[in-house]
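Visitor: What follows is the file upload.csv, containing CSV, C-alpha atoms:
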chain,number,residue,atom,x,y,z
A,20,MET,CA,-74.6,-23.0,-70.4
A,21,LEU,CA,-73.6,-22.2,-66.8
A,22,LYS,CA,-70.1,-23.1,-65.8
A,23,GLN,CA,-70.9,-23.3,-62.1
A,24,LYS,CA,-73.4,-25.6,-60.5
A,25,ILE,CA,-75.1,-23.0,-58.3
A,26,ALA,CA,-78.9,-23.1,-57.9
A,27,VAL,CA,-81.5,-21.0,-56.2
A,28,LEU,CA,-84.2,-22.4,-53.9
A,29,VAL,CA,-87.2,-20.2,-53.1
A,30,ASP,CA,-90.4,-20.5,-51.2
A,31,SER,CA,-93.7,-19.7,-53.0
A,32,CYS,CA,-94.4,-16.6,-50.9
A,33,SER,CA,-91.3,-14.9,-52.4
A,34,ASP,CA,-93.4,-14.5,-55.6
A,35,VAL,CA,-90.4,-14.7,-57.9
A,36,PRO,CA,-91.4,-13.6,-61.4
A,37,ALA,CA,-92.2,-16.7,-63.6
A,38,GLU,CA,-89.6,-15.8,-66.2
A,39,ILE,CA,-86.9,-16.1,-63.5
A,40,ALA,CA,-88.4,-19.0,-61.5
A,41,ASN,CA,-88.7,-21.2,-64.6
A,42,ARG,CA,-85.0,-21.3,-65.2
A,43,GLU,CA,-83.3,-24.7,-64.9
A,44,TYR,CA,-81.3,-23.8,-61.7
A,45,PHE,CA,-84.4,-22.7,-59.8
A,46,GLU,CA,-86.6,-24.8,-57.5
A,47,MET,CA,-89.7,-23.6,-55.6
A,48,ILE,CA,-91.0,-25.1,-52.3
A,49,PRO,CA,-94.7,-24.4,-51.9
A,50,MET,CA,-96.4,-23.2,-48.8
A,51,GLY,CA,-99.5,-25.1,-47.6
A,52,VAL,CA,-102.9,-23.5,-48.0
A,53,PHE,CA,-105.8,-25.1,-46.1
A,54,PHE,CA,-109.6,-24.7,-46.7
A,55,GLY,CA,-110.8,-26.7,-43.7
A,56,GLU,CA,-109.7,-30.3,-44.4
A,57,GLU,CA,-108.8,-29.5,-48.0
A,58,GLU,CA,-105.0,-29.0,-48.4
A,59,TYR,CA,-103.4,-27.3,-51.4
A,60,GLN,CA,-99.8,-26.6,-52.4
A,61,ASP,CA,-99.3,-22.9,-53.1
A,62,ARG,CA,-99.0,-22.2,-56.8
A,63,VAL,CA,-98.8,-26.0,-57.5
A,64,ASN,CA,-102.4,-27.1,-57.4
A,65,ILE,CA,-104.0,-23.8,-56.5
A,66,GLU,CA,-103.5,-20.5,-58.4
A,67,PRO,CA,-104.7,-17.0,-57.4
A,68,ASP,CA,-108.0,-17.0,-59.5
A,69,GLU,CA,-109.2,-20.2,-58.0
A,70,PHE,CA,-108.1,-19.1,-54.5
A,71,TYR,CA,-110.1,-15.9,-54.5
A,72,GLN,CA,-113.2,-17.7,-55.7
A,73,LYS,CA,-112.9,-20.2,-52.9
A,74,LEU,CA,-112.0,-17.4,-50.4
A,75,ALA,CA,-115.3,-15.6,-51.2
A,76,LYS,CA,-117.3,-18.7,-50.0
A,77,SER,CA,-115.0,-19.9,-47.2
A,78,ASN,CA,-116.2,-20.0,-43.6
A,79,PRO,CA,-114.0,-20.3,-41.6
A,80,LEU,CA,-111.3,-18.5,-43.4
A,81,PRO,CA,-108.4,-20.5,-44.9
A,82,THR,CA,-105.1,-21.0,-43.1
A,83,THR,CA,-101.5,-21.6,-44.2
A,84,ALA,CA,-98.5,-23.7,-43.1
A,85,SER,CA,-94.8,-23.6,-43.8
A,86,PRO,CA,-93.6,-26.1,-46.4
A,87,LYS,CA,-93.5,-29.7,-45.3
A,88,GLY,CA,-90.0,-31.2,-44.8
A,89,GLU,CA,-90.5,-33.7,-47.5
A,90,LEU,CA,-91.2,-31.0,-50.0
A,91,ILE,CA,-88.0,-29.2,-49.1
A,92,THR,CA,-86.1,-32.5,-49.4
A,93,LYS,CA,-87.7,-33.2,-52.8
A,94,ALA,CA,-86.7,-29.8,-54.1
A,95,LEU,CA,-83.1,-30.4,-52.9
A,96,ASP,CA,-83.1,-33.9,-54.4
A,97,ASN,CA,-84.2,-32.4,-57.8
A,98,LEU,CA,-81.4,-29.9,-57.8
A,99,SER,CA,-78.8,-32.5,-56.7
A,100,LYS,CA,-80.0,-34.9,-59.5
A,101,ARG,CA,-79.5,-32.0,-62.0
A,102,GLY,CA,-75.9,-31.7,-60.9
A,103,PHE,CA,-76.1,-28.6,-58.6
A,104,THR,CA,-73.8,-28.7,-55.6
A,105,GLN,CA,-74.2,-25.2,-54.1
A,106,ILE,CA,-77.6,-23.7,-53.2
A,107,ILE,CA,-78.7,-20.2,-52.2
A,108,ALA,CA,-82.1,-20.5,-50.4
A,109,VAL,CA,-84.0,-17.3,-50.6
A,110,CYS,CA,-86.8,-17.2,-47.9
A,111,ILE,CA,-89.4,-14.8,-46.7
A,112,SER,CA,-88.9,-13.2,-43.3
A,113,SER,CA,-88.3,-15.6,-40.4
A,114,GLY,CA,-90.5,-13.2,-38.5
A,115,LEU,CA,-93.5,-14.3,-40.6
A,116,SER,CA,-92.7,-17.9,-41.5
A,117,GLY,CA,-90.6,-20.8,-40.3
A,118,THR,CA,-89.3,-21.6,-43.8
A,119,ALA,CA,-85.8,-20.1,-43.4
A,120,GLN,CA,-85.2,-22.3,-40.3
A,121,GLN,CA,-86.6,-25.4,-42.0
A,122,VAL,CA,-84.3,-25.1,-45.0
A,123,LYS,CA,-81.3,-25.4,-42.7
A,124,ILE,CA,-81.4,-29.2,-43.0
A,125,ASN,CA,-78.5,-31.6,-43.1
A,126,TYR,CA,-78.0,-32.5,-46.8
A,127,PRO,CA,-74.4,-33.7,-47.2
A,128,GLN,CA,-74.3,-33.5,-51.0
A,129,LEU,CA,-75.0,-29.8,-51.0
A,130,GLN,CA,-73.6,-26.6,-49.7
A,131,ILE,CA,-76.6,-24.5,-48.7
A,132,GLU,CA,-76.6,-20.9,-47.7
A,133,VAL,CA,-80.0,-19.5,-46.4
A,134,ILE,CA,-80.9,-15.8,-47.0
A,135,ASP,CA,-83.5,-14.7,-44.6
A,136,THR,CA,-84.7,-11.6,-46.6
A,137,LYS,CA,-86.6,-10.1,-43.6
A,138,ASN,CA,-89.2,-9.4,-46.3
A,139,ILE,CA,-92.3,-10.7,-48.0
A,140,GLY,CA,-93.6,-11.3,-51.5
A,141,ILE,CA,-91.8,-9.7,-54.4
A,142,ALA,CA,-89.5,-7.8,-52.0
A,143,SER,CA,-88.2,-11.2,-51.0
A,144,GLY,CA,-88.3,-12.4,-54.6
A,145,PHE,CA,-86.1,-9.6,-55.7
A,146,ALA,CA,-83.2,-11.3,-53.8
A,147,ALA,CA,-83.7,-14.3,-56.0
A,148,VAL,CA,-83.7,-12.1,-59.1
A,149,ARG,CA,-80.4,-10.7,-58.1
A,150,ALA,CA,-79.0,-14.1,-57.4
A,151,SER,CA,-80.0,-15.1,-60.9
A,152,GLU,CA,-78.3,-12.1,-62.4
A,153,VAL,CA,-74.9,-12.7,-60.7
A,154,ILE,CA,-75.0,-16.5,-61.2
A,155,GLU,CA,-75.3,-15.9,-64.9
A,156,GLU,CA,-72.5,-13.4,-64.7
A,157,GLY,CA,-70.3,-16.2,-63.3
A,158,TRP,CA,-69.7,-14.9,-59.8
A,159,GLU,CA,-68.3,-17.2,-57.2
A,160,PHE,CA,-70.6,-18.8,-54.7
A,161,ASP,CA,-69.4,-16.8,-51.6
A,162,GLN,CA,-69.6,-13.5,-53.6
A,163,ILE,CA,-73.1,-14.3,-54.7
A,164,VAL,CA,-74.2,-15.0,-51.1
A,165,GLU,CA,-72.7,-11.7,-49.9
A,166,GLU,CA,-74.3,-9.8,-52.8
A,167,VAL,CA,-77.7,-11.3,-52.4
A,168,GLN,CA,-77.7,-10.5,-48.6
A,169,ARG,CA,-76.5,-6.9,-49.4
A,170,VAL,CA,-79.4,-6.2,-51.8
A,171,ALA,CA,-81.9,-7.9,-49.5
A,172,ASN,CA,-81.0,-5.4,-46.9
A,173,GLN,CA,-81.7,-2.6,-49.4
A,174,THR,CA,-85.1,-3.8,-50.5
A,175,LYS,CA,-88.4,-2.6,-49.1
A,176,VAL,CA,-92.0,-3.6,-49.5
A,177,PHE,CA,-95.0,-1.4,-49.1
A,178,PHE,CA,-98.5,-2.8,-49.3
A,179,TYR,CA,-102.0,-1.5,-49.0
A,180,VAL,CA,-105.0,-3.7,-48.0
A,181,PRO,CA,-108.6,-2.5,-47.8
A,182,THR,CA,-109.2,-4.3,-44.5
A,183,LEU,CA,-107.1,-5.7,-41.7
A,184,LYS,CA,-109.6,-8.6,-41.2
A,185,TYR,CA,-107.4,-11.2,-42.9
A,186,LEU,CA,-104.2,-10.2,-41.2
A,187,ILE,CA,-105.9,-10.4,-37.8
A,188,ALA,CA,-107.5,-13.8,-38.6
A,189,GLY,CA,-104.2,-15.2,-39.8
A,190,GLY,CA,-102.3,-14.0,-36.7
A,191,ARG,CA,-99.8,-12.1,-38.9
A,192,ILE,CA,-100.8,-8.7,-37.5
A,193,GLY,CA,-97.4,-7.8,-36.0
A,194,ARG,CA,-97.0,-4.2,-35.0
A,195,VAL,CA,-100.1,-3.3,-37.0
A,196,ALA,CA,-102.2,-4.5,-34.0
A,197,GLY,CA,-102.3,-1.0,-32.6
A,198,LEU,CA,-104.5,0.2,-35.4
A,199,VAL,CA,-107.2,-2.4,-34.8
A,200,GLY,CA,-110.4,-0.7,-33.7
A,201,SER,CA,-109.1,2.7,-35.0
A,202,ILE,CA,-111.3,5.2,-36.8
A,203,ILE,CA,-113.4,3.7,-39.6
A,204,ASN,CA,-111.8,4.1,-43.1
A,205,LEU,CA,-108.3,4.5,-41.7
A,206,LYS,CA,-106.1,2.8,-44.2
A,207,PRO,CA,-102.6,1.7,-43.2
A,208,ILE,CA,-99.6,1.2,-45.5
A,209,ILE,CA,-97.7,-1.8,-44.2
A,210,SER,CA,-94.1,-2.7,-44.5
A,211,CYS,CA,-91.6,-5.0,-42.8
A,212,ASP,CA,-89.2,-3.6,-40.1
A,213,ASP,CA,-85.6,-4.6,-39.7
A,214,GLU,CA,-86.7,-7.8,-37.9
A,215,GLY,CA,-89.0,-8.7,-40.8
A,216,ILE,CA,-92.2,-8.0,-38.8
A,217,TYR,CA,-95.2,-6.1,-40.2
A,218,TYR,CA,-95.6,-2.6,-39.1
A,219,PRO,CA,-97.7,0.4,-40.2
A,220,VAL,CA,-95.2,2.8,-42.0
A,221,ALA,CA,-98.0,5.3,-42.8
A,222,LYS,CA,-101.8,5.7,-42.6
A,223,ALA,CA,-104.4,7.8,-44.2
A,224,HIS,CA,-108.1,8.2,-44.4
A,225,GLY,CA,-109.5,6.4,-47.5
A,226,GLU,CA,-107.9,4.5,-50.3
A,227,LYS,CA,-106.9,7.4,-52.5
A,228,LYS,CA,-104.9,9.1,-49.8
A,229,ALA,CA,-103.3,5.9,-48.7
A,230,LEU,CA,-102.1,5.1,-52.2
A,231,LYS,CA,-100.7,8.6,-52.6
A,232,LYS,CA,-98.7,8.1,-49.3
A,233,MET,CA,-97.5,4.7,-50.6
A,234,LEU,CA,-96.1,6.4,-53.8
A,235,GLN,CA,-94.4,9.0,-51.7
A,236,LEU,CA,-92.8,6.3,-49.6
A,237,VAL,CA,-91.3,4.9,-52.8
A,238,ASP,CA,-89.9,8.3,-53.7
A,239,ASP,CA,-88.4,8.6,-50.2
A,240,THR,CA,-86.9,5.1,-50.4
A,241,LEU,CA,-85.2,5.8,-53.7
A,242,LYS,CA,-83.7,9.1,-52.8
A,243,ASN,CA,-80.5,9.3,-54.8
A,244,ALA,CA,-80.4,5.6,-55.9
A,245,GLN,CA,-78.4,5.2,-59.1
A,246,LYS,CA,-79.6,1.7,-60.0
A,247,PHE,CA,-82.9,0.2,-58.8
A,248,ASN,CA,-85.7,-2.2,-59.7
A,249,LEU,CA,-89.4,-1.8,-59.0
A,250,ALA,CA,-92.4,-4.1,-58.9
A,251,VAL,CA,-96.1,-3.6,-58.5
A,252,VAL,CA,-98.2,-6.6,-57.6
A,253,HIS,CA,-101.9,-7.2,-56.7
A,254,GLY,CA,-104.3,-9.5,-55.0
A,255,LEU,CA,-107.5,-9.4,-57.1
A,256,ASN,CA,-106.9,-5.7,-58.0
A,257,GLU,CA,-105.3,-5.8,-61.4
A,258,GLY,CA,-106.8,-2.6,-62.7
A,259,LEU,CA,-105.2,-0.5,-59.9
A,260,MET,CA,-101.9,-2.4,-60.3
A,261,ASN,CA,-101.9,-1.4,-64.0
A,262,GLN,CA,-102.7,2.2,-63.2
A,263,ILE,CA,-99.8,2.5,-60.7
A,264,SER,CA,-97.5,0.7,-63.1
A,265,THR,CA,-98.1,3.2,-65.8
A,266,GLU,CA,-97.4,6.0,-63.4
A,267,PHE,CA,-94.1,4.4,-62.4
A,268,LYS,CA,-93.0,3.9,-66.0
A,269,ASN,CA,-93.6,7.6,-66.7
A,270,LYS,CA,-92.1,8.8,-63.4
A,271,TYR,CA,-88.9,6.5,-63.3
A,272,PRO,CA,-87.7,6.1,-66.9
A,273,ASN,CA,-84.2,5.2,-65.6
A,274,MET,CA,-85.3,2.3,-63.5
A,275,GLY,CA,-83.8,-1.1,-64.3
A,276,LYS,CA,-86.1,-4.1,-64.2
A,277,PHE,CA,-89.8,-3.7,-63.6
A,278,TYR,CA,-92.2,-6.5,-62.7
A,279,ASN,CA,-96.0,-7.0,-62.4
A,280,GLY,CA,-97.8,-10.0,-61.0
A,281,ASP,CA,-100.2,-11.4,-58.6
A,282,ILE,CA,-99.4,-12.5,-55.1
A,283,SER,CA,-99.4,-16.1,-54.1
A,284,PRO,CA,-102.5,-17.7,-52.6
A,285,ALA,CA,-100.6,-18.3,-49.3
A,286,LEU,CA,-100.1,-14.5,-49.1
A,287,GLY,CA,-103.7,-13.9,-50.1
A,288,VAL,CA,-104.8,-15.9,-47.1
A,289,HIS,CA,-103.4,-13.1,-44.9
A,290,THR,CA,-104.3,-10.1,-46.9
A,291,GLY,CA,-107.6,-10.8,-48.6
A,292,PRO,CA,-108.7,-9.3,-51.9
A,293,GLY,CA,-107.8,-5.8,-53.0
A,294,LEU,CA,-104.1,-5.7,-52.1
A,295,ILE,CA,-101.6,-3.5,-53.9
A,296,GLY,CA,-98.0,-4.2,-53.1
A,297,ILE,CA,-94.8,-2.3,-54.2
A,298,GLY,CA,-91.3,-3.8,-54.1
A,299,VAL,CA,-88.3,-1.4,-54.2
A,300,GLN,CA,-84.9,-2.9,-54.7
A,301,ILE,CA,-81.8,-0.6,-54.6
A,302,ILE,CA,-78.7,-2.1,-56.3
A,303,LYS,CA,-76.6,1.0,-55.8
Spell out the structure here as structure tokens.

Guide:
Amino acid sequence: MLKQKIAVLVDSCSDVPAEIANREYFEMIPMGVFFGEEEYQDRVNIEPDEFYQKLAKSNPLPTTASPKGELITKALDNLSKRGFTQIIAVCISSGLSGTAQQVKINYPQLQIEVIDTKNIGIASGFAAVRASEVIEEGWEFDQIVEEVQRVANQTKVFFYVPTLKYLIAGGRIGRVAGLVGSIINLKPIISCDDEGIYYPVAKAHGEKKALKKMLQLVDDTLKNAQKFNLAVVHGLNEGLMNQISTEFKNKYPNMGKFYNGDISPALGVHTGPGLIGIGVQIIK
């Protein structure tokens, strides 16, 4: 039983692992996913398998929207009713979504601190994982906020997509735009910069070389890290995710936590099928 009444609020695009997100002090606010006039709530009434089936037949392509205000209020109401008084809101990059700003609402019963992770997917979710760890260790609220922000600044995401089509269509192309129209089969590895905007951190000809570069980026990021966590996620590419995961487990036997999973449908709107993503969180 937790002595403190500190909770974590996350958005669905942070892809917090289910075993963490299902804890009593967590609430998730879903992004909106739209197929024409059909509206879905990310990971509430649409899951990745159904999403990719619909995506294959969808014309025009689906779109997304930040969580509605009433869904944010509902999540905060739920936490308040369960007796929580202090909330750490972990949000994906404000450079890619308006969620971080929307959560800064006036809710007198609660003390809310928003962590704009400047990241996406599991790289954002890692901040919530760390929040969970230190909450359960009994840290004070201000200490937790400081620690979660610290590790958020030390977390990187790298992802590979077979095509830029979906990023372009969704308007989330960021600094990757310069690659549009480049040589056929040029495959970028995309990350988030210090402002939380997509940019091509590396590029290669063909998938095999791109993945090799992505693994090298993980090595470069870890350097002399003493304590770190890793995750490999996918968007309709489970076989390749498993292959890379096996490689990581052999290569980094001293890593802390390791997670696998699929990305949320709302992220899948902007990446399409075939994505491989890697999250690297350095604790110290």

Visitor: Need to verify the contact set: Ala84 in chain A, 7 Å, all atoms listed in the file, exclusion of same-chain residues closer than 3 positions in sequence. Can you return it as a ChimeraX atom specification?

Guide: /A:50-52

Visitor: Give me the residues within 6 Å of Asn256 in chain A as an MDAnalysis selection string, counting all atoms listed in the file and dropping any in the same chain fewer than 3 places off.

Guide: chainID A and resid 253 259 293

Visitor: Show me a table, sorted first by chain and then by increasing residue number, of the residues of range 44-96 of chain A having an atom at most 7 Å from range 273-291 of chain A, each with its shortest atom pair and the distance in Å to one decimal, counting all atoms listed in the file and written as a Markdown table.

Guide:
| residue | atom | partner | partner_atom | distance |
| --- | --- | --- | --- | --- |
| A:Met50 | CA | A:Ala285 | CA | 6.5 |
| A:Val52 | CA | A:Ala285 | CA | 5.8 |
| A:Asp61 | CA | A:Ala285 | CA | 6.1 |
| A:Arg62 | CA | A:Ser283 | CA | 6.7 |
| A:Glu66 | CA | A:Pro284 | CA | 6.5 |
| A:Pro67 | CA | A:Pro284 | CA | 5.3 |
| A:Phe70 | CA | A:Pro284 | CA | 6.1 |
| A:Pro81 | CA | A:Val288 | CA | 6.2 |
| A:Thr82 | CA | A:Val288 | CA | 6.5 |
| A:Thr83 | CA | A:Ala285 | CA | 6.1 |

Visitor: With all atoms listed in the file as the atoms that count, which of A:Gln173, A:Gln300, A:Thr265, A:Ser31 lies nearest to Gly140 in chain A?

Guide: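 The shortest atom-to-atom distance to Gly140 in chain A comes from A:Ser31.
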
Visitor: Show which residues sit within 9 Å of Ala40 in chain A, as a list in words. Count all atoms listed in the file, and ignore same-chain residues fewer than 6 positions away.

Guide: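 Near neighbours after the sequence-gap exclusion: Val27, Val29, Asp34, Glu46, Met47, Ala147 and Val148 of chain A.
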
Visitor: Between CA of Asp30 in chain A and CA of Lys73 in chain A, what is the spacing in Å?

Guide: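 CA of Lys73 in chain A sits 22.6 Å away from CA of Asp30 in chain A.
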
Visitor: One decimal, Å: what's the distance from CA of Met233 in chain A over to CA of Val251 in chain A, could you say?

Guide: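 Spanning CA of Met233 in chain A to CA of Val251 in chain A is a straight-line distance of 11.5 Å.
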